Amino acid sequence: MGQNEILFERAQKTIPGGVNSPVRAFRQVGGTPRFVTKAKGPYFWDVEGKRYIDLIMSWGPMIAGHAHPEVVEAVKKAAETSFSYGAPTEGEIELAERICQLVPSIEQVRMVSSGTEATMSALRLARGYTGRDLIIKFEGCYHGHADSLLVKAGSGLLTFADSTQNAPSSGGVPHDLVKHTLVLPYNDVAALEEVFQKQGDQIAAVILEPIAGNMNLIKPSKGFLTAMRSLTSHHGGVLIYDEVMTGFRVALGGAQSLQGITPDLTCLGKVMGGGMPMAAFGGKREIMSKLAPLGNVYQAGTLSGNPVAVAAGLKTLEIVSREGFYECLTGQTEKLMAGLKQAADAASVPFSVDSVGGMFGFYFADKVPASFEEVTKTNIESFKKFFHLMLDQGVYLAPSAYEAGFTSIAHDNAVLDEIIAAAQIAFKKL
Ligand SMILES: *Cc1c(COP(=O)(O)O)cnc(C)c1O
């Protein structure tokens, strides 16, 4: 038995499923998760000493590459003056100022410790601000694991707009709670219009991934976004952009800068903490001023604005702000996708690709899907085989066909060539 298997067995004795976040357990693809010992740039090494090219990058945060020397230095310096005070620091102001400058729709920002906290708090704030209960989310979008967001629509198109048909997508979530969440299909303008027409005056917020990365990678149509912005404005609802994944990942100003949409609230996480537990939500001053201690919407956190996490976040944002960062990242990601597509074509495997900035999706299907339902129709069996063929060759992809992939600035041409060469072999074997 290899070291990974030994550790996985041991882990399962004291940790449910052996992991601290379910997707790490490799349930969808089968096999043994790799236990990581160290990482540098685009690579990580497992306990067996095998090197992998990392195409997850901690699910997005490590955009500057693993263990970037400047980030490591900043974290060390911060750690030497204690890890946490539970009192304000100047670093938090600097990070807040930086975020407001890079994402102009954010006039004020509150820091938290995870994306889940950011979306949960943004929803509470939207409800407190509007005095309404109903929220709209879209099928296939993931916004962390707050109760109100662990919802799936009843089956059948007609039930999409009927929240009484909703079912919690997790045990432990009360039916009474999910009836306040409407689940609509992504990119379906008609469904959105219909819901607003019927219950627009009850809708507190619409929350979406402005480029969805939790059902592989799905882009919104222009019409979908403009309809959402105008409907929420017209009916007095809050538009929440969940940019926990896309913020500082697809562009310096996030998805909203590419789409020309100004949301009311934005959730951030992942890249903004540079790999430390750190996230935030922010937006219009008028809405943010409803938060405690100014307003009556309660929100707090012992480790919020943690100084070590702030140091990692500030340095990471400094690095991504440098001239040419996103041009390079975007170009490398496109090159990688083109290489994979070419390799698939050469082996006559139906395959399509998409990417934005340092985020990518590939699909075992002739064309890029536009909704969760279309993703479920891609060839998941081929994905699983491809995943393991790549893993064996030292390329670590997301262990699920429903997740986007991520590159970093450290994924240079030599790294891309190695991935593409492995893919050529994998596609031939499929
Ligand atoms: C990762 C993610 C979250 C949850 O963030 P956590 O830090 O894992 O709690 C929320 N929304 C989106 C879009 C995400 O990708």
# chains A, B, ... in the order shown; residues from 1 in each chain; ligands from 1
>>> closest_atom_pairs(of="chain A", to="ligand 1", cutoff="8 Å", atoms="only C-alpha atoms and all ligand atoms", output="CSV")
residue,atom,partner,partner_atom_place_in_ligand_line,distance
A:Trp59,CA,ligand 1,1 (C),7.4
A:Ser113,CA,ligand 1,7 (O),7.4
A:Ser114,CA,ligand 1,7 (O),3.8
A:Gly115,CA,ligand 1,5 (O),3.1
A:Thr116,CA,ligand 1,9 (O),3.6
A:Glu117,CA,ligand 1,9 (O),6.5
A:Ala118,CA,ligand 1,10 (C),7.7
A:Thr119,CA,ligand 1,10 (C),6.7
A:Cys141,CA,ligand 1,13 (C),7.1
A:Tyr142,CA,ligand 1,11 (N),5.5
A:His143,CA,ligand 1,11 (N),3.6
A:Gly144,CA,ligand 1,4 (C),3.8
A:His145,CA,ligand 1,9 (O),7.0
A:Leu208,CA,ligand 1,13 (C),7.9
A:Glu209,CA,ligand 1,13 (C),5.5
A:Ala212,CA,ligand 1,13 (C),7.2
A:Gly213,CA,ligand 1,15 (O),6.5
A:Asn214,CA,ligand 1,15 (O),6.3
A:Asp242,CA,ligand 1,13 (C),5.4
A:Glu243,CA,ligand 1,13 (C),5.8
A:Val244,CA,ligand 1,12 (C),4.6
A:Met245,CA,ligand 1,15 (O),4.2
A:Thr246,CA,ligand 1,13 (C),7.3
A:Cys267,CA,ligand 1,11 (N),7.7
A:Gly269,CA,ligand 1,7 (O),6.2
A:Lys270,CA,ligand 1,7 (O),6.5
A:Pro277,CA,ligand 1,7 (O),7.3
A:Met278,CA,ligand 1,7 (O),7.5
A:Ala279,CA,ligand 1,7 (O),7.0
>>> residues_around(residues="segment 37-51 of chain A", least_positions_apart="4", cutoff="12 Å", atoms="only C-alpha atoms", output="VMD selection string")
chain A and resid 1 to 8 32 to 33 55 to 58 62 to 69 72 391 to 396 406 to 416 418 to 419
>>> select_by_dssp(residues="segment 34-114 of chain A", states="helix (DSSP H, G or I)", output="PyMOL selection string")
chain A and resi 69-79+90-102
>>> atom_distance(atom1="atom CA of Phe248 of chain A", atom2="atom CA of Asp417 of chain A")
25.6 Å
>>> residues_around(residues="segment 99-104 of chain A", least_positions_apart="6", cutoff="9 Å", atoms="only C-alpha atoms", output="list in words")
Gly247, Phe248, Leu252, Gly253, Gly254, Gln256, Ser257, Thr262, Met272, Gly282, Gly283, Leu317 and Ser321 of chain A
>>> closest_residue(among="A:Asp133, A:Asp264, A:Glu70, A:Glu327", to="Gln202 of chain A", atoms="only C-alpha atoms")
A:Asp133
>>> atom_distance(atom1="atom CA of Gln197 of chain A", atom2="atom CA of Ala153 of chain A")
19.3 Å
